[in-house]
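Okay, model.cif is below, mmCIF, C-alpha atoms (C1' of nucleotides):
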```cif
data_query
#
loop_
_atom_site.label_atom_id
_atom_site.label_comp_id
_atom_site.auth_asym_id
_atom_site.auth_seq_id
_atom_site.Cartn_x
_atom_site.Cartn_y
_atom_site.Cartn_z
CA MET A 13 30.16 31.07 45.14
CA GLU A 14 30.28 29.42 41.72
CA THR A 15 32.76 28.64 38.96
CA THR A 16 30.50 29.65 36.08
CA ARG A 17 28.57 32.79 35.34
CA THR A 18 26.83 34.28 32.33
CA PHE A 19 26.77 38.03 31.67
CA ALA A 20 24.16 39.63 29.44
CA LEU A 21 25.49 42.27 27.04
CA ARG A 22 25.44 43.50 23.48
CA ASP A 23 27.83 44.94 20.89
CA TYR A 24 30.71 42.84 22.21
CA ASN A 25 32.94 40.99 19.74
CA LEU A 26 34.96 38.84 22.13
CA ALA A 27 37.24 37.29 19.49
CA THR A 28 38.23 40.62 17.97
CA THR A 29 38.67 42.22 21.39
CA LEU A 30 40.98 39.46 22.68
CA THR A 31 43.13 39.21 19.53
CA CYS A 32 43.36 42.77 18.21
CA GLY A 33 46.78 43.49 19.71
CA GLN A 34 46.01 44.95 23.13
CA ALA A 35 46.44 41.70 25.12
CA PHE A 36 48.67 38.79 24.12
CA ARG A 37 47.82 35.72 26.18
CA TRP A 38 44.34 34.64 25.04
CA GLN A 39 44.09 31.35 23.19
CA GLN A 40 41.15 29.76 21.42
CA GLN A 41 40.35 26.16 22.36
CA ASP A 42 37.22 24.74 20.78
CA ARG A 43 34.54 27.31 21.50
CA TRP A 44 36.36 28.79 24.50
CA TRP A 45 38.83 31.63 24.85
CA THR A 46 41.31 30.63 27.56
CA GLY A 47 43.43 33.14 29.44
CA VAL A 48 44.71 34.48 32.74
CA ILE A 49 43.51 37.63 34.49
CA GLY A 50 45.74 38.51 37.42
CA THR A 51 46.11 35.25 39.35
CA ARG A 52 42.99 33.59 37.97
CA TRP A 53 42.77 31.16 35.10
CA VAL A 54 39.55 31.74 33.20
CA ARG A 55 37.86 30.73 29.97
CA LEU A 56 35.20 32.68 28.12
CA ARG A 57 32.56 31.71 25.61
CA SER A 58 30.63 34.19 23.56
CA GLU A 59 27.00 33.71 22.57
CA SER A 60 24.60 36.12 20.99
CA GLY A 61 23.77 38.61 23.72
CA SER A 62 25.94 37.08 26.44
CA ILE A 63 29.37 35.94 27.56
CA THR A 64 29.83 32.89 29.80
CA ALA A 65 32.87 32.66 32.05
CA GLU A 66 34.29 29.60 33.81
CA THR A 67 37.01 29.63 36.47
CA ALA A 68 39.00 26.82 38.08
CA GLU A 69 38.03 27.78 41.62
CA PRO A 70 34.74 29.13 43.02
CA VAL A 71 34.32 32.90 42.82
CA ALA A 72 32.27 35.06 45.19
CA ASP A 73 32.83 38.42 43.48
CA TRP A 74 33.19 38.72 39.69
CA ASP A 75 34.23 42.37 39.61
CA TRP A 76 37.78 41.43 38.49
CA LEU A 77 36.28 39.98 35.30
CA THR A 78 33.67 42.61 34.52
CA HIS A 79 36.32 45.28 35.10
CA TYR A 80 38.84 43.57 32.80
CA LEU A 81 36.26 43.13 30.06
CA GLN A 82 34.76 46.58 30.73
CA LEU A 83 31.26 45.10 30.52
CA HIS A 84 29.62 48.27 31.85
CA VAL A 85 30.85 50.38 28.91
CA ASP A 86 28.10 51.53 26.53
CA LEU A 87 29.79 51.04 23.16
CA GLY A 88 27.18 53.09 21.33
CA GLU A 89 28.08 56.07 23.45
CA VAL A 90 31.78 55.55 22.69
CA LEU A 91 31.16 55.34 18.95
CA ARG A 92 28.90 58.39 18.90
CA ALA A 93 31.85 60.42 20.23
CA PHE A 94 34.02 59.48 17.22
CA PRO A 95 34.53 62.16 14.56
CA ASN A 96 31.92 61.78 11.85
CA ASP A 97 34.34 61.40 8.97
CA GLU A 98 34.85 58.80 6.26
CA PRO A 99 37.93 57.08 7.77
CA MET A 100 36.21 56.55 11.12
CA ARG A 101 32.98 55.34 9.50
CA ALA A 102 35.02 52.76 7.57
CA ALA A 103 36.93 51.74 10.70
CA VAL A 104 33.72 51.30 12.71
CA ALA A 105 32.22 49.18 9.94
CA ALA A 106 35.34 46.97 9.93
CA CYS A 107 35.59 46.57 13.73
CA ARG A 108 32.06 45.77 14.93
CA GLY A 109 32.02 45.09 18.67
CA LEU A 110 35.70 45.86 19.29
CA ARG A 111 36.23 46.88 22.93
CA LEU A 112 39.15 48.13 25.02
CA LEU A 113 40.13 45.92 27.95
CA ARG A 114 41.35 47.24 31.31
CA GLN A 115 44.59 45.39 32.00
CA ASP A 116 47.04 45.08 34.85
CA PRO A 117 49.64 47.88 34.51
CA TRP A 118 52.71 45.70 35.05
CA GLU A 119 51.66 43.01 32.59
CA CYS A 120 50.73 45.68 30.08
CA LEU A 121 54.00 47.60 30.52
CA ALA A 122 56.18 44.49 30.30
CA SER A 123 54.25 43.15 27.31
CA PHE A 124 54.66 46.35 25.32
CA ILE A 125 58.36 46.64 26.19
CA LEU A 126 58.61 43.30 24.41
CA SER A 127 56.49 44.50 21.49
CA SER A 128 58.89 46.90 19.78
CA THR A 129 59.44 46.02 16.11
CA LYS A 130 57.82 42.62 16.63
CA GLN A 131 54.76 41.17 14.97
CA ILE A 132 51.87 40.32 17.27
CA VAL A 133 52.33 36.58 16.71
CA GLN A 134 55.95 36.88 17.89
CA ILE A 135 55.05 39.00 20.91
CA ARG A 136 52.67 36.20 21.91
CA GLN A 137 55.47 33.63 21.56
CA ILE A 138 57.85 35.60 23.76
CA ILE A 139 55.25 36.20 26.46
CA THR A 140 54.21 32.53 26.44
CA LEU A 141 57.81 31.48 27.09
CA LEU A 142 58.25 34.13 29.76
CA CYS A 143 55.13 33.02 31.64
CA GLU A 144 55.97 29.31 31.38
CA ARG A 145 59.45 29.87 32.78
CA TYR A 146 58.91 32.60 35.39
CA GLY A 147 55.19 32.76 36.23
CA GLU A 148 53.54 31.11 39.24
CA PRO A 149 51.53 28.02 38.25
CA LEU A 150 47.77 28.43 38.51
CA ALA A 151 44.87 26.07 39.13
CA VAL A 152 42.99 25.14 35.94
CA VAL A 153 39.85 23.12 35.26
CA PRO A 154 40.30 19.31 35.25
CA GLY A 155 41.93 18.32 31.99
CA GLY A 156 42.83 21.93 31.19
CA THR A 157 46.20 22.97 29.79
CA ARG A 158 48.75 24.17 32.35
CA ALA A 159 48.71 27.91 32.97
CA SER A 160 50.82 30.47 34.81
CA ALA A 161 50.41 33.98 36.10
CA PHE A 162 52.32 36.77 34.41
CA PRO A 163 55.76 36.86 36.12
CA ALA A 164 56.17 39.31 38.99
CA PRO A 165 58.64 42.19 38.52
CA ALA A 166 60.93 40.86 41.27
CA ARG A 167 61.15 37.48 39.54
CA LEU A 168 62.17 38.98 36.20
CA ALA A 169 64.63 41.35 37.87
CA ARG A 170 66.29 38.29 39.39
CA ALA A 171 66.66 36.51 36.01
CA THR A 172 69.88 37.06 34.06
CA GLU A 173 69.92 38.89 30.76
CA ALA A 174 71.00 35.66 29.05
CA GLU A 175 68.04 33.80 30.55
CA LEU A 176 65.64 36.44 29.29
CA ARG A 177 67.25 36.41 25.84
CA ALA A 178 66.57 32.68 25.80
CA CYS A 179 62.88 33.65 25.69
CA LYS A 180 63.63 35.10 22.22
CA MET A 181 63.23 38.73 23.22
CA GLY A 182 66.63 39.78 21.83
CA PHE A 183 67.78 43.34 22.55
CA ARG A 184 64.66 43.96 24.65
CA ALA A 185 66.03 41.76 27.47
CA PRO A 186 68.02 44.44 29.32
CA TYR A 187 65.09 46.89 29.02
CA LEU A 188 62.68 44.40 30.58
CA ARG A 189 65.11 43.32 33.28
CA THR A 190 66.06 46.85 34.36
CA THR A 191 62.47 48.09 34.31
CA ALA A 192 61.38 45.06 36.33
CA GLY A 193 64.01 45.99 38.92
CA LEU A 194 62.81 49.59 39.13
CA ILE A 195 59.23 48.41 39.69
CA ALA A 196 60.24 45.73 42.20
CA GLY A 197 62.46 48.20 44.08
CA GLY A 198 59.72 50.80 44.33
CA GLN A 199 61.58 53.49 42.33
CA CYS A 200 58.52 53.46 40.08
CA ASP A 201 55.09 52.81 41.63
CA LEU A 202 52.65 51.77 38.94
CA GLU A 203 49.64 51.99 41.27
CA ARG A 204 50.45 55.60 42.14
CA LEU A 205 50.55 56.57 38.45
CA ARG A 206 46.88 55.66 38.23
CA ASP A 207 45.95 58.77 40.24
CA LEU A 208 48.27 61.26 38.49
CA PRO A 209 47.41 63.59 35.59
CA VAL A 210 48.01 61.76 32.33
CA GLU A 211 50.92 63.99 31.29
CA VAL A 212 52.69 63.35 34.59
CA ALA A 213 52.08 59.61 34.44
CA ARG A 214 53.37 59.54 30.85
CA ALA A 215 56.55 61.37 31.84
CA GLU A 216 57.12 58.89 34.67
CA LEU A 217 56.66 55.90 32.35
CA ILE A 218 59.04 57.34 29.74
CA LYS A 219 61.79 57.47 32.37
CA LEU A 220 61.82 53.66 32.36
CA PRO A 221 64.38 52.06 30.01
CA GLY A 222 62.83 50.75 26.80
CA VAL A 223 59.75 52.92 27.26
CA GLY A 224 59.13 55.85 24.91
CA ARG A 225 56.03 57.78 23.92
CA LYS A 226 54.34 54.91 22.12
CA ILE A 227 54.70 52.26 24.83
CA ALA A 228 53.80 54.79 27.54
CA ASP A 229 50.61 55.60 25.65
CA CYS A 230 49.75 51.89 25.38
CA VAL A 231 49.99 51.54 29.17
CA LEU A 232 48.02 54.75 29.76
CA LEU A 233 45.26 53.51 27.47
CA PHE A 234 45.12 49.75 28.02
CA ALA A 235 45.89 49.68 31.77
CA TYR A 236 44.77 53.06 33.13
CA GLY A 237 41.99 53.72 30.66
CA SER A 238 43.16 57.22 29.69
CA GLN A 239 41.13 58.03 26.60
CA SER A 240 43.45 60.90 25.67
CA ALA A 241 46.29 58.42 25.12
CA PHE A 242 46.69 57.71 21.41
CA PRO A 243 49.53 55.25 20.73
CA VAL A 244 51.04 55.86 17.29
CA ASP A 245 52.82 52.77 15.96
CA VAL A 246 53.67 51.98 12.34
CA TRP A 247 50.07 50.94 11.56
CA VAL A 248 48.38 53.95 13.12
CA MET A 249 50.96 56.21 11.47
CA LYS A 250 50.08 54.59 8.16
CA ALA A 251 46.37 55.06 8.88
CA LEU A 252 46.70 58.75 9.77
CA ARG A 253 48.93 59.55 6.79
CA GLN A 254 46.89 57.63 4.21
CA LEU A 255 43.43 58.54 5.46
CA TYR A 256 43.90 62.10 6.71
CA PHE A 257 47.05 63.45 4.99
CA PRO A 258 47.32 61.72 1.59
CA ARG A 259 50.30 62.77 -0.57
CA ARG A 260 51.72 65.01 2.17
CA ARG A 261 54.77 64.74 4.35
CA VAL A 262 53.67 64.92 8.00
CA SER A 263 55.98 64.51 10.99
CA LEU A 264 55.17 62.20 13.89
CA GLN A 265 54.89 65.23 16.16
CA ARG A 266 52.33 66.77 13.81
CA LEU A 267 50.37 63.51 13.80
CA HIS A 268 50.23 63.58 17.61
CA GLN A 269 48.93 67.16 17.51
CA PHE A 270 46.30 66.17 14.97
CA ALA A 271 45.25 63.15 17.04
CA ALA A 272 44.95 65.24 20.20
CA SER A 273 42.64 67.75 18.52
CA HIS A 274 40.66 65.58 16.11
CA PHE A 275 39.44 62.42 17.82
CA GLY A 276 37.56 63.79 20.82
CA PRO A 277 36.65 62.10 24.11
CA SER A 278 36.85 58.55 22.63
CA ALA A 279 40.31 59.11 21.12
CA GLY A 280 41.82 55.97 22.65
CA TYR A 281 39.06 53.81 21.22
CA ALA A 282 39.38 55.56 17.85
CA GLN A 283 43.07 54.70 17.80
CA GLN A 284 42.35 50.99 18.35
CA TYR A 285 39.69 51.00 15.64
CA LEU A 286 42.13 52.57 13.16
CA PHE A 287 44.85 50.11 14.17
CA HIS A 288 42.64 47.07 13.68
CA TYR A 289 41.10 48.47 10.50
CA MET A 290 44.55 48.94 8.91
CA ARG A 291 45.90 45.59 10.07
CA THR A 292 42.94 43.66 8.73
CA GLY A 293 42.79 45.67 5.51
CA GLY A 294 39.14 46.44 6.06
CA ARG A 295 38.22 42.76 6.38
CA THR A 296 36.35 41.86 9.55
"C1'" DG B 1050 68.23 37.33 -0.17
"C1'" DC B 1051 64.90 41.15 0.91
"C1'" DC B 1052 61.63 43.99 3.72
"C1'" DC B 1053 58.89 44.44 7.69
"C1'" DA B 1054 57.11 44.09 12.52
"C1'" DG B 1055 52.13 47.84 18.09
"C1'" DG B 1056 60.12 51.38 19.07
"C1'" DT B 1057 63.83 53.11 21.68
"C1'" DG B 1058 68.23 55.20 22.64
"C1'" DA B 1059 72.44 56.98 21.07
"C1'" DA B 1060 75.08 59.25 17.78
"C1'" DG B 1061 75.40 62.39 14.06
"C1'" DC B 1062 74.27 66.72 11.97
"C1'" DG C 411 66.13 70.69 17.49
"C1'" DC C 412 65.68 66.71 13.69
"C1'" DT C 413 67.54 62.44 11.13
"C1'" DT C 414 69.92 58.08 11.00
"C1'" DC C 415 71.28 53.88 12.72
"C1'" DA C 416 71.82 49.52 15.64
"C1'" DC C 417 69.44 46.42 18.05
"C1'" DA C 418 67.35 40.26 17.70
"C1'" DT C 419 64.25 37.40 15.66
"C1'" DG C 420 60.98 35.39 12.62
"C1'" DG C 421 57.13 35.91 9.00
"C1'" DG C 422 55.93 36.67 4.27
#
```
Starting from the file, lay out its structure as structure tokens.
Amino acid sequence: METTRTFALRDYNLATTLTCGQAFRWQQQDRWWTGVIGTRWVRLRSESGSITAETAEPVADWDWLTHYLQLHVDLGEVLRAFPNDEPMRAAVAACRGLRLLRQDPWECLASFILSSTKQIVQIRQIITLLCERYGEPLAVVPGGTRASAFPAPARLARATEAELRACKMGFRAPYLRTTAGLIAGGQCDLERLRDLPVEVARAELIKLPGVGRKIADCVLLFAYGSQSAFPVDVWVMKALRQLYFPRRRVSLQRLHQFAASHFGPSAGYAQQYLFHYMRTGGRT
DNA sequence: GCCCAGGTGAAGC
DNA sequence: GCTTCACATGGG
């Protein structure tokens, strides 16, 4: 049992991974990245060849952290499965060490319901308010900033629409509240979806209010790890059209077909590389 | 003021 | 089927 542990690894850009728009609660404080994974407060520090983690309370088994960070993944193997074309070579060069996390399905689903037509900085604001107001307080290190767990579905289902709107989520409030109720009531079982074929799980997710193809694909990829999920938002659409179909009109449906056939067994990773590449304009 | 942001659902054709 | 529009809020 200890509160600190160091993990040896390579090809892991912690800062890019935690801020590239897949998770929304990580904050930089001095040399540490502070966040919450499940019901544990944790902070992470990256050094060359290792990541050091510190928790508030002693930990016997660190699997929750290595699983979240996907430390066992061989990034070289992932990248070798990318198509060998110019757009992907440029994206890889711009996103050194970018990894996919493996997040909690409910937090991921709720976060992306709040993401629609919002900039990442605003999504972070909304989620911060939501956690402060409705999440269970967590133990932190002495002198650490207060922290809360992501609010449980039942807690958000119990909030009023007006209360949720006060967290600045606007028209997304009824979507979040109703979906929270369906999860809390067991009409949708997020743990069961983990074991279903990806097409079936996607169809189940899309039944939830405020969840369409894009948000369903985010949950399939970021929470369940389905590499065939390829979320197409405005940035990825821009990337596909500019880089693969310049000066042509291509429908969203056609882009999905192209993505499904072109990007291979690391498609989900390829999507995140294109997303980050476009958002940062090729800067690292 | 204007356009845009990790979209979705409903209404119109 | 596909296209258009409303929906809140804040950044640039």
- Selection result for the PyMOL selection byres ((chain B) within 9 of (chain A)) on this file, as a PyMOL selection string: chain B and resi 1053-1058
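The shell of residues at most 10 Å from B:DA1059, with all atoms listed in the file counted and near chain neighbours (fewer than 2 positions) removed, consists of B:DT1057, B:DG1061, C:DC415, C:DA416.
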With 8 Å as the cut-off and all atoms listed in the file counted, what is the closest atom pair between each nearby residue of chain A and chain C? Distances in Å to one decimal, ordered by chain and number, as a Markdown table.
```
| residue | atom | partner | partner_atom | distance |
| --- | --- | --- | --- | --- |
| A:Gln134 | CA | C:DG420 | C1' | 7.4 |
| A:Lys180 | CA | C:DT419 | C1' | 7.0 |
| A:Met181 | CA | C:DA418 | C1' | 7.1 |
| A:Gly182 | CA | C:DA418 | C1' | 4.2 |
| A:Phe183 | CA | C:DC417 | C1' | 5.7 |
```
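What separates atom CA of A:Val71 from atom CA of A:Glu14 is a distance of 5.4 Å.
Between atom CA of A:Ser238 and atom CA of A:Pro95 there is a distance of 18.1 Å.
Evaluating the PyMOL selection byres ((chain A and resi 214) around 8) against the shown model yields Val210, Glu211, Val212, Ala213, Ala215, Glu216, Leu217, Ile218, Arg225, Ala228, Asp229 and Leu232 of chain A.
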- Please evaluate the PyMOL selection byres ((chain A and resi 103-112) around 8) against the displayed coordinates and give the resulting residues as number ranges by chain. A: 23-26, 28-29, 34, 81-82, 87, 91, 99-102, 113-114, 234, 281, 284-286, 288-289, 294-296
Each side padded by 4 Å, which centre and which edge lengths in Å (one decimal) define the axis-aligned box around the listed atoms of chain C? Give them as lines of an AutoDock Vina configuration file.
```
center_x = 63.9
center_y = 53.0
center_z = 11.2
size_x = 23.9
size_y = 43.3
size_z = 21.8
```
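One finds atom CA of A:Glu119 at 14.6 Å from atom CA of A:Gly237.
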- Which neighbours of A:Ala171 fall inside 12 Å, counting only C-alpha atoms (C1' of nucleotides), when residues of the same chain fewer than 4 positions from it are skipped, and could you give them as a ChimeraX atom specification? /A:142,145-146,163-167,175-179,185-186,188-190,192-193
- Query: Of the candidates A:Asn96, A:Thr16, A:Thr51, A:Gln115, which one gets nearest to A:His79 if we count only C-alpha atoms?
  - Reply: A:Gln115
